[in-house]
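*Asks:* Sharing query36.txt, compact mmCIF, C-alpha atoms and all ligand atoms:
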# COMPACT_ATOMS: atom_id res chain seq x y z
CA MET A 1 0.00 0.00 0.00
CA LYS A 2 1.16 3.47 -0.83
CA ILE A 3 0.08 6.72 0.79
CA ARG A 4 0.90 9.93 -1.02
CA VAL A 5 0.54 13.20 0.89
CA LEU A 6 -1.12 15.63 -1.52
CA GLY A 7 -1.52 18.47 0.97
CA SER A 8 0.03 18.70 4.42
CA ALA A 9 -1.25 22.10 5.61
CA ALA A 10 -4.40 22.89 7.57
CA GLY A 11 -7.18 25.17 6.33
CA GLY A 12 -5.70 28.25 4.65
CA GLY A 13 -2.58 26.44 3.41
CA PHE A 14 0.97 27.73 3.81
CA PRO A 15 1.50 30.56 3.20
CA GLN A 16 -2.09 31.65 3.77
CA TRP A 17 -3.15 34.33 1.29
CA ASN A 18 -3.89 37.06 3.85
CA CYS A 19 -1.45 36.09 6.58
CA ASN A 20 1.74 37.88 7.55
CA CYS A 21 2.69 35.79 10.55
CA ARG A 22 6.40 35.00 10.91
CA ASN A 23 6.07 31.76 8.96
CA CYS A 24 3.90 33.08 6.13
CA ALA A 25 5.95 36.24 5.63
CA GLY A 26 9.18 34.25 5.97
CA VAL A 27 8.32 31.62 3.37
CA ARG A 28 7.11 34.35 1.00
CA ASP A 29 10.26 36.44 1.16
CA GLY A 30 12.66 33.53 1.60
CA THR A 31 13.88 34.51 5.07
CA ALA A 32 12.48 31.35 6.69
CA ARG A 33 13.71 27.88 5.72
CA ALA A 34 10.30 26.33 5.12
CA ARG A 35 8.36 24.64 2.32
CA ALA A 36 5.05 25.93 1.04
CA ARG A 37 2.22 23.46 1.59
CA THR A 38 -1.27 22.97 0.18
CA GLN A 39 -4.40 22.10 2.12
CA SER A 40 -5.11 18.78 3.73
CA SER A 41 -5.44 15.64 1.58
CA ILE A 42 -3.83 12.24 1.02
CA ALA A 43 -4.22 9.58 -1.68
CA VAL A 44 -4.01 5.83 -1.09
CA THR A 45 -3.43 2.90 -3.45
CA GLY A 46 -3.01 -0.86 -2.96
CA GLY A 47 0.13 -2.93 -3.49
CA SER A 48 -0.64 -3.81 -7.09
CA GLY A 49 -0.77 -0.20 -8.21
CA GLY A 50 -3.73 1.00 -10.23
CA CYS A 51 -6.36 3.30 -8.87
CA TRP A 52 -6.25 5.54 -5.84
CA ALA A 53 -8.69 6.65 -3.16
CA LEU A 54 -8.70 10.37 -2.58
CA VAL A 55 -8.97 11.10 1.12
CA ASN A 56 -10.42 14.59 1.51
CA ALA A 57 -10.99 16.92 -1.43
CA SER A 58 -8.85 19.96 -0.73
CA PRO A 59 -9.56 23.43 -2.16
CA ASP A 60 -6.10 22.92 -3.76
CA ILE A 61 -7.04 19.67 -5.52
CA LEU A 62 -6.32 20.91 -9.05
CA ALA A 63 -2.78 21.98 -8.14
CA GLN A 64 -2.34 18.70 -6.27
CA LEU A 65 -3.40 16.69 -9.32
CA ARG A 66 -0.92 18.60 -11.47
CA ALA A 67 1.82 17.93 -8.92
CA ASN A 68 1.03 14.19 -8.83
CA PRO A 69 0.85 12.92 -12.45
CA VAL A 70 0.27 9.36 -11.22
CA LEU A 71 -3.33 10.47 -10.61
CA GLN A 72 -3.82 11.12 -14.34
CA PRO A 73 -2.99 7.87 -16.17
CA GLY A 74 -4.23 9.16 -19.55
CA ARG A 75 -5.94 5.94 -20.65
CA ALA A 76 -8.91 7.67 -22.29
CA PRO A 77 -9.93 11.13 -23.52
CA ARG A 78 -11.45 11.75 -20.08
CA ASP A 79 -9.72 9.85 -17.30
CA THR A 80 -8.62 9.85 -13.68
CA ALA A 81 -6.89 7.39 -11.37
CA ILE A 82 -9.20 8.43 -8.52
CA ALA A 83 -11.66 5.59 -7.93
CA GLY A 84 -13.50 7.11 -4.97
CA ILE A 85 -13.41 9.79 -2.31
CA VAL A 86 -13.31 9.29 1.45
CA LEU A 87 -14.01 12.24 3.79
CA VAL A 88 -12.93 12.50 7.43
CA ASP A 89 -15.26 15.43 8.11
CA GLY A 90 -17.36 18.05 6.34
CA GLN A 91 -14.99 21.01 6.73
CA ILE A 92 -14.12 23.43 3.92
CA ASP A 93 -10.48 22.38 3.71
CA HIS A 94 -11.56 18.75 3.17
CA THR A 95 -14.52 19.26 0.85
CA ALA A 96 -14.35 22.46 -1.24
CA GLY A 97 -12.29 20.54 -3.84
CA LEU A 98 -15.38 18.50 -4.68
CA TYR A 99 -16.59 21.48 -6.74
CA MET A 100 -13.42 21.25 -8.82
CA LEU A 101 -14.10 17.57 -9.57
CA ARG A 102 -17.56 18.23 -11.05
CA GLU A 103 -16.51 17.27 -14.61
CA SER A 104 -16.29 13.61 -13.59
CA THR A 105 -17.82 11.32 -16.21
CA ARG A 106 -19.58 9.26 -13.53
CA PRO A 107 -21.18 9.99 -10.17
CA TRP A 108 -18.46 10.22 -7.51
CA PRO A 109 -18.56 7.46 -4.93
CA ILE A 110 -18.13 9.45 -1.70
CA TRP A 111 -17.70 7.79 1.70
CA CYS A 112 -18.67 9.90 4.71
CA THR A 113 -20.41 9.58 8.06
CA ASP A 114 -24.06 10.49 8.56
CA SER A 115 -23.16 13.71 10.35
CA ALA A 116 -20.73 14.83 7.63
CA TYR A 117 -23.40 13.94 5.06
CA ALA A 118 -25.93 16.06 6.93
CA ASP A 119 -23.51 19.02 6.94
CA LEU A 120 -22.79 18.58 3.24
CA THR A 121 -26.45 18.49 2.31
CA ARG A 122 -27.72 21.19 4.70
CA GLY A 123 -25.31 23.73 6.24
CA ASN A 124 -23.07 23.63 3.17
CA PRO A 125 -24.95 21.63 0.53
CA ILE A 126 -21.97 20.76 -1.71
CA LEU A 127 -23.30 17.28 -2.41
CA GLN A 128 -26.64 18.74 -3.54
CA VAL A 129 -24.82 21.09 -5.90
CA LEU A 130 -22.60 18.29 -7.20
CA SER A 131 -25.64 16.19 -8.00
CA HIS A 132 -26.47 18.76 -10.73
CA TYR A 133 -23.10 18.05 -12.38
CA CYS A 134 -21.59 14.55 -12.19
CA GLY A 135 -23.79 13.21 -9.42
CA VAL A 136 -22.94 11.64 -6.09
CA ASP A 137 -23.01 8.00 -5.12
CA ARG A 138 -22.94 8.38 -1.38
CA ARG A 139 -21.53 5.52 0.71
CA ARG A 140 -22.13 5.46 4.42
CA ILE A 141 -19.23 5.24 6.85
CA ASP A 142 -20.43 3.42 9.95
CA LEU A 143 -19.04 4.28 13.34
CA ASP A 144 -19.02 0.72 14.66
CA GLY A 145 -15.52 0.06 13.33
CA GLU A 146 -16.82 -2.17 10.52
CA ARG A 147 -14.27 -2.52 7.71
CA PHE A 148 -15.07 -1.19 4.27
CA THR A 149 -13.37 -1.14 0.91
CA VAL A 150 -13.22 1.49 -1.81
CA GLU A 151 -14.12 -0.20 -5.08
CA GLY A 152 -11.25 0.02 -7.56
CA VAL A 153 -8.64 0.34 -4.81
CA ALA A 154 -7.73 -3.32 -4.36
CA GLY A 155 -5.82 -4.61 -1.36
CA VAL A 156 -6.72 -1.79 1.03
CA GLU A 157 -9.14 -2.05 3.95
CA TRP A 158 -10.61 0.91 5.77
CA GLN A 159 -12.09 1.53 9.20
CA ALA A 160 -13.34 4.77 10.73
CA LEU A 161 -13.24 5.67 14.40
CA PRO A 162 -15.06 8.70 15.76
CA VAL A 163 -12.68 11.20 17.34
CA ALA A 164 -13.23 14.22 19.55
CA GLY A 165 -13.47 17.22 17.29
CA LYS A 166 -15.58 20.07 16.05
CA PRO A 167 -17.85 20.22 13.03
CA ALA A 168 -17.54 23.23 10.70
CA PRO A 169 -19.13 26.60 11.63
CA TYR A 170 -22.04 25.98 9.20
CA SER A 171 -22.84 22.60 10.74
CA PRO A 172 -26.25 22.23 12.38
CA ASN A 173 -24.23 20.32 15.05
CA ARG A 174 -21.70 23.11 15.64
CA ALA A 175 -22.78 23.81 19.21
CA VAL A 176 -23.39 20.18 20.14
CA PRO A 177 -20.88 17.95 18.32
CA VAL A 178 -22.01 14.38 17.65
CA PRO A 179 -19.92 11.23 17.10
CA GLY A 180 -18.95 11.12 13.44
CA ASP A 181 -18.39 14.85 12.93
CA ASN A 182 -14.71 13.93 12.70
CA VAL A 183 -13.22 10.49 12.22
CA ALA A 184 -9.80 8.89 12.19
CA LEU A 185 -9.19 6.38 9.39
CA ILE A 186 -7.34 3.13 9.95
CA ILE A 187 -6.04 2.19 6.51
CA THR A 188 -4.68 -1.35 6.28
CA ASP A 189 -2.78 -3.20 3.57
CA ALA A 190 -4.72 -6.45 3.19
CA VAL A 191 -1.56 -8.43 2.34
CA THR A 192 1.10 -7.09 4.73
CA GLY A 193 -1.44 -6.31 7.46
CA LYS A 194 0.38 -3.03 8.10
CA ALA A 195 -1.84 -0.11 9.00
CA ALA A 196 -1.67 3.66 8.97
CA CYS A 197 -3.78 5.74 11.31
CA TYR A 198 -4.76 9.03 9.64
CA ALA A 199 -6.33 11.64 11.92
CA PRO A 200 -5.81 15.20 10.65
CA GLY A 201 -8.29 16.52 13.22
CA LEU A 202 -8.03 15.09 16.72
CA GLY A 203 -9.35 17.24 19.56
CA ALA A 204 -8.49 14.87 22.40
CA MET A 205 -6.93 11.44 22.71
CA GLU A 206 -9.63 8.88 23.46
CA GLU A 207 -9.32 5.15 23.97
CA PRO A 208 -10.43 3.75 20.57
CA VAL A 209 -8.14 5.93 18.47
CA TRP A 210 -5.29 5.53 20.96
CA ARG A 211 -5.57 1.74 20.71
CA ALA A 212 -5.53 1.98 16.91
CA MET A 213 -2.47 4.23 17.00
CA GLN A 214 -0.61 1.73 19.18
CA SER A 215 -1.04 -1.05 16.64
CA ALA A 216 -0.37 1.07 13.54
CA ALA A 217 2.94 0.94 11.67
CA CYS A 218 2.57 4.63 10.96
CA VAL A 219 0.51 7.45 12.44
CA LEU A 220 -0.35 10.59 10.49
CA VAL A 221 -1.89 12.79 13.13
CA ASP A 222 -3.15 16.27 13.87
CA GLY A 223 -0.22 18.68 13.63
CA THR A 224 -2.32 21.84 13.49
CA PHE A 225 -1.03 23.85 16.45
CA TRP A 226 2.08 23.78 18.62
CA THR A 227 0.43 25.56 21.56
CA ASP A 228 -3.16 25.64 22.75
CA ASP A 229 -3.24 29.46 22.65
CA GLU A 230 -1.27 29.88 19.40
CA MET A 231 -3.99 31.80 17.56
CA ILE A 232 -4.84 33.91 20.62
CA ARG A 233 -1.20 34.96 21.17
CA LEU A 234 -0.93 36.06 17.57
CA GLY A 235 -4.18 38.00 17.87
CA PHE A 236 -5.80 35.93 15.10
CA SER A 237 -8.61 34.30 17.10
CA HIS A 238 -10.15 34.08 20.53
CA ARG A 239 -10.32 30.32 20.42
CA ARG A 240 -7.93 27.76 21.81
CA ALA A 241 -6.72 24.84 19.69
CA ARG A 242 -8.70 22.39 21.81
CA ASP A 243 -11.87 24.53 21.38
CA ILE A 244 -11.74 24.03 17.63
CA GLY A 245 -11.00 20.33 17.74
CA HIS A 246 -7.20 20.21 17.59
CA LEU A 247 -4.99 18.78 20.33
CA PRO A 248 -1.86 20.96 20.48
CA GLN A 249 1.57 19.34 20.34
CA SER A 250 3.20 20.96 23.38
CA GLY A 251 2.16 21.12 27.01
CA PRO A 252 0.65 18.62 29.44
CA GLY A 253 -1.44 15.99 27.68
CA GLY A 254 -0.33 17.36 24.32
CA MET A 255 0.36 15.27 21.21
CA LEU A 256 4.10 14.97 21.93
CA GLU A 257 3.42 13.23 25.24
CA TRP A 258 1.15 10.75 23.51
CA LEU A 259 3.51 10.06 20.63
CA GLU A 260 6.28 9.43 23.15
CA GLN A 261 4.36 6.41 24.41
CA LEU A 262 4.03 4.68 21.05
CA PRO A 263 6.16 1.61 20.32
CA ALA A 264 9.70 2.47 19.19
CA GLY A 265 9.14 1.25 15.63
CA THR A 266 6.05 3.36 14.93
CA ARG A 267 6.57 6.02 12.28
CA LYS A 268 5.23 9.28 13.72
CA ILE A 269 4.19 12.04 11.34
CA LEU A 270 2.40 15.33 12.02
CA ILE A 271 0.03 16.40 9.26
CA HIS A 272 -2.61 19.16 8.76
CA VAL A 273 -0.14 21.77 10.00
CA ASN A 274 -1.43 25.31 10.46
CA ASN A 275 0.61 28.10 8.90
CA THR A 276 1.22 29.64 12.35
CA ASN A 277 2.87 26.49 13.73
CA PRO A 278 6.61 27.07 14.43
CA ILE A 279 7.44 23.48 13.35
CA LEU A 280 7.09 24.63 9.73
CA ASP A 281 10.30 26.62 10.17
CA GLU A 282 13.04 24.02 9.74
CA ASP A 283 15.42 26.11 11.84
CA SER A 284 13.07 26.52 14.82
CA SER A 285 13.73 25.01 18.24
CA GLU A 286 10.30 23.37 18.06
CA ARG A 287 11.31 21.56 14.86
CA ALA A 288 14.56 20.49 16.53
CA GLU A 289 12.55 19.06 19.40
CA LEU A 290 10.50 16.97 16.96
CA THR A 291 13.66 15.67 15.33
CA ARG A 292 15.03 14.71 18.76
CA ARG A 293 11.83 12.80 19.43
CA GLY A 294 11.84 11.02 16.06
CA ILE A 295 8.72 12.83 14.84
CA GLU A 296 8.43 13.88 11.19
CA VAL A 297 6.47 16.73 9.64
CA ALA A 298 4.51 15.76 6.52
CA TRP A 299 5.26 17.63 3.28
CA ASP A 300 3.45 17.76 -0.03
CA GLY A 301 4.66 14.85 -2.15
CA MET A 302 5.76 12.68 0.80
CA GLU A 303 5.16 9.01 0.02
CA LEU A 304 4.80 6.18 2.50
CA VAL A 305 4.94 2.50 1.59
CA LEU A 306 3.36 0.07 4.05
C1 LIG A 401 -9.79 23.00 10.87
O1 LIG A 401 -9.53 21.81 10.75
O2 LIG A 401 -10.05 23.53 11.96
C2 LIG A 401 -9.76 23.77 9.60
O3 LIG A 401 -8.60 23.59 8.90
C3 LIG A 401 -10.75 24.75 9.35
C4 LIG A 401 -10.82 25.28 7.94
O4 LIG A 401 -11.06 24.52 6.99
O5 LIG A 401 -10.65 26.49 7.77
MN MN A 402 -8.98 21.36 8.76
ZN ZN A 403 0.46 32.66 8.70
Is it possible to give me this structure as structure tokens?
Ligand code: MLT
Ligand code: MN
Ligand code: ZN

*Replies:*
Amino acid sequence: MKIRVLGSAAGGGFPQWNCNCRNCAGVRDGTARARARTQSSIAVTGGSGGCWALVNASPDILAQLRANPVLQPGRAPRDTAIAGIVLVDGQIDHTAGLYMLRESTRPWPIWCTDSAYADLTRGNPILQVLSHYCGVDRRRIDLDGERFTVEGVAGVEWQALPVAGKPAPYSPNRAVPVPGDNVALIITDAVTGKAACYAPGLGAMEEPVWRAMQSAACVLVDGTFWTDDEMIRLGFSHRRARDIGHLPQSGPGGMLEWLEQLPAGTRKILIHVNNTNPILDEDSSERAELTRRGIEVAWDGMELVL
């Protein structure tokens, strides 16, 4: 199984169009050693090659497709290597790209939970709109841990686990989150049995996802914020990381403490990194701390083989 990181940044991307924080200004004018990154998405294919599942449809999907020619095999006048789309939530950074995929020659098979489906047909009715173009073949993601497969992506098994998080601001559930607003995906190679745990939004570590992380060969987890008050300190928001469904890396009970407890052989990767996060600066002390702890930061184009 191969996982290709299409976009490793959180909502807004890096640099964010209207942001002049240290990182964004630094990557723009070349004074910070940092790579630009597009918004959150990965693609997954089985051992035998062939088609891919797109996990999250980023607002940057068209640039991501251009940067990853393997997703355009060119077998027919209209073609794509994307066999289906799996969504971990209904947020803008994971769904706005669906509009850009409207020229599909067949209805898109889209896997999502009931609560994400409700958001995407009510608060932000993207799936309704898409049904006027290529159509949508919605597949339900159950929360009972039942395995599913994405047709066309042979040799890969999927499971979703509800995680603590926050639905998008337009969600009817915004004030009272329900299980399934955000999920972690356990993506397993059917032959090697090796699994990746992908959780770009993880508001708190709870038992089911923690168990899954402990048995995964590789974890790709919420790398949004370094500190809980990162956006407050910069004057960009009044909300803490935890309030918007992202466990910060530093501090008591933070992601670093959890990752520390994983088995030595587990590959640990932070993904969905917000542009304000100091780990994006490769010369920062925070990045050095990650390196010391054996934690990687995902980048666009990173490929994992499991
Ligand atoms: C989040 O996960 O909190 C986001 O990246 C929000 C967004 O899409 O702007
Ligand atoms: Mn996001
Ligand atoms: Zn910024």

*Asks:* Got a sec to check which residues lie within 7 Å of ligand LIG 401 (chain A), using all atoms listed in the file, and send them as a VMD selection string?

*Replies:* chain A and resid 10 to 12 91 to 94 201 244 to 245

*Asks:* Write out as JSON, numbers by chain which residues come within 12 Å of Met100 in chain A when counting all atoms listed in the file, dropping same-chain ones fewer than 6 positions away.

*Replies:* {"A": [57, 58, 59, 60, 61, 62, 63, 64, 65, 126, 129, 130, 133, 134]}

*Asks:* So, with all atoms listed in the file as the atoms that count, which of A:Gly90, A:Gly84, A:Pro107, A:Pro208 lies closest to ligand MN 402 (chain A)?

*Replies:*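 The answer is A:Gly90, which sits nearest to ligand MN 402 (chain A).
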
*Asks:* Measuring atom to atom with all atoms listed in the file, identify which of A:Arg287, A:Arg233, A:Arg140, A:Arg292 is nearest to Ala34 in chain A.

*Replies:*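 Closest residue, counting all atoms listed in the file: A:Arg287.
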
*Asks:* Hey, which of A:Gly46, A:Pro200, A:Gly180, A:Gly74 ends up closest to Ala116 in chain A? Count all atoms listed in the file.

*Replies:*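 For Ala116 in chain A, the nearest of the given residues is A:Gly180.
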
*Asks:* How close does chain A get to ligand ZN 403 (chain A)? List, as a Markdown table, each residue of chain A within 7 Å, its nearest atom pair and the distance in Å to one decimal, counting only C-alpha atoms and all ligand atoms.

*Replies:*
| residue | atom | partner | partner_atom | distance |
| --- | --- | --- | --- | --- |
| A:Phe14 | CA | A:ZN403 | ZN | 7.0 |
| A:Pro15 | CA | A:ZN403 | ZN | 6.0 |
| A:Gln16 | CA | A:ZN403 | ZN | 5.6 |
| A:Cys19 | CA | A:ZN403 | ZN | 4.5 |
| A:Asn20 | CA | A:ZN403 | ZN | 5.5 |
| A:Cys21 | CA | A:ZN403 | ZN | 4.3 |
| A:Arg22 | CA | A:ZN403 | ZN | 6.8 |
| A:Asn23 | CA | A:ZN403 | ZN | 5.7 |
| A:Cys24 | CA | A:ZN403 | ZN | 4.3 |
| A:Asn275 | CA | A:ZN403 | ZN | 4.6 |
| A:Thr276 | CA | A:ZN403 | ZN | 4.8 |

*Asks:* Pick out the residues sitting within 9 Å of Ile187 in chain A, and hand them over as an mmCIF file with C-alpha atoms, keeping the file's coordinate frame; count all atoms listed in the file, and ignore anything fewer than 3 positions along from it in its own chain.

*Replies:*
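The result, stored in out16.cif:
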data_model
loop_
_atom_site.group_PDB
_atom_site.id
_atom_site.type_symbol
_atom_site.label_atom_id
_atom_site.label_comp_id
_atom_site.auth_asym_id
_atom_site.auth_seq_id
_atom_site.Cartn_x
_atom_site.Cartn_y
_atom_site.Cartn_z
ATOM 1 C CA VAL A 44 -4.010 5.830 -1.090
ATOM 2 C CA VAL A 156 -6.720 -1.790 1.030
ATOM 3 C CA GLU A 157 -9.140 -2.050 3.950
ATOM 4 C CA TRP A 158 -10.610 0.910 5.770
ATOM 5 C CA GLN A 159 -12.090 1.530 9.200
ATOM 6 C CA ALA A 160 -13.340 4.770 10.730
ATOM 7 C CA LYS A 194 0.380 -3.030 8.100
ATOM 8 C CA ALA A 195 -1.840 -0.110 9.000
ATOM 9 C CA ALA A 196 -1.670 3.660 8.970
ATOM 10 C CA CYS A 197 -3.780 5.740 11.310
ATOM 11 C CA TYR A 198 -4.760 9.030 9.640
#

*Asks:* Which of these residues is nearest to ligand MN 402 (chain A), using all atoms listed in the file: A:Arg75, A:Arg242, A:Lys166, A:Arg4?

*Replies:*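 The answer is A:Lys166, which sits nearest to ligand MN 402 (chain A).
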
*Asks:* Using only the atoms of range 81-98 of chain A listed in the file, plus 4 Å on each side, state the axis-aligned box centre and edge lengths in Å rounded to one decimal, as AutoDock Vina command-line options.

*Replies:*
--center_x -12.1 --center_y 14.5 --center_z -1.6 --size_x 18.5 --size_y 25.8 --size_z 27.5

*Asks:* In Å, rounded to a single decimal, give me how far CA of Phe225 in chain A is from CA of Pro179 in chain A.

*Replies:*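 The value is 22.7 Å.
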
*Asks:* With only C-alpha atoms counted, which protein, DNA or RNA residues have an atom no more than 10 Å from (-2.3, 15.7, 14.0) in the file frame? Please answer as a PyMOL selection string.

*Replies:* chain A and resi 10+198-203+219-225+246-249+255+268-273+297

*Asks:* Save out the residues we just selected, C-alpha atoms, as a CSV table (one decimal), in the frame of the given file.

*Replies:*
chain,number,residue,atom,x,y,z
A,10,ALA,CA,-4.4,22.9,7.6
A,198,TYR,CA,-4.8,9.0,9.6
A,199,ALA,CA,-6.3,11.6,11.9
A,200,PRO,CA,-5.8,15.2,10.6
A,201,GLY,CA,-8.3,16.5,13.2
A,202,LEU,CA,-8.0,15.1,16.7
A,203,GLY,CA,-9.4,17.2,19.6
A,219,VAL,CA,0.5,7.4,12.4
A,220,LEU,CA,-0.4,10.6,10.5
A,221,VAL,CA,-1.9,12.8,13.1
A,222,ASP,CA,-3.2,16.3,13.9
A,223,GLY,CA,-0.2,18.7,13.6
A,224,THR,CA,-2.3,21.8,13.5
A,225,PHE,CA,-1.0,23.8,16.4
A,246,HIS,CA,-7.2,20.2,17.6
A,247,LEU,CA,-5.0,18.8,20.3
A,248,PRO,CA,-1.9,21.0,20.5
A,249,GLN,CA,1.6,19.3,20.3
A,255,MET,CA,0.4,15.3,21.2
A,268,LYS,CA,5.2,9.3,13.7
A,269,ILE,CA,4.2,12.0,11.3
A,270,LEU,CA,2.4,15.3,12.0
A,271,ILE,CA,0.0,16.4,9.3
A,272,HIS,CA,-2.6,19.2,8.8
A,273,VAL,CA,-0.1,21.8,10.0
A,297,VAL,CA,6.5,16.7,9.6

*Asks:* For ligand MN 402 (chain A), which of A:Asn56, A:Ser131, A:Asn173, A:Thr105 is the closest residue, counting all atoms listed in the file?

*Replies:*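 Smallest separation from ligand MN 402 (chain A) among the options: A:Asn56.
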
*Asks:* Could you pull the residues within 7 Å of Arg138 in chain A, counting only C-alpha atoms, minus those fewer than 5 positions along the same chain, as a list in words?

*Replies:* Pro109, Ile110 and Trp111 of chain A
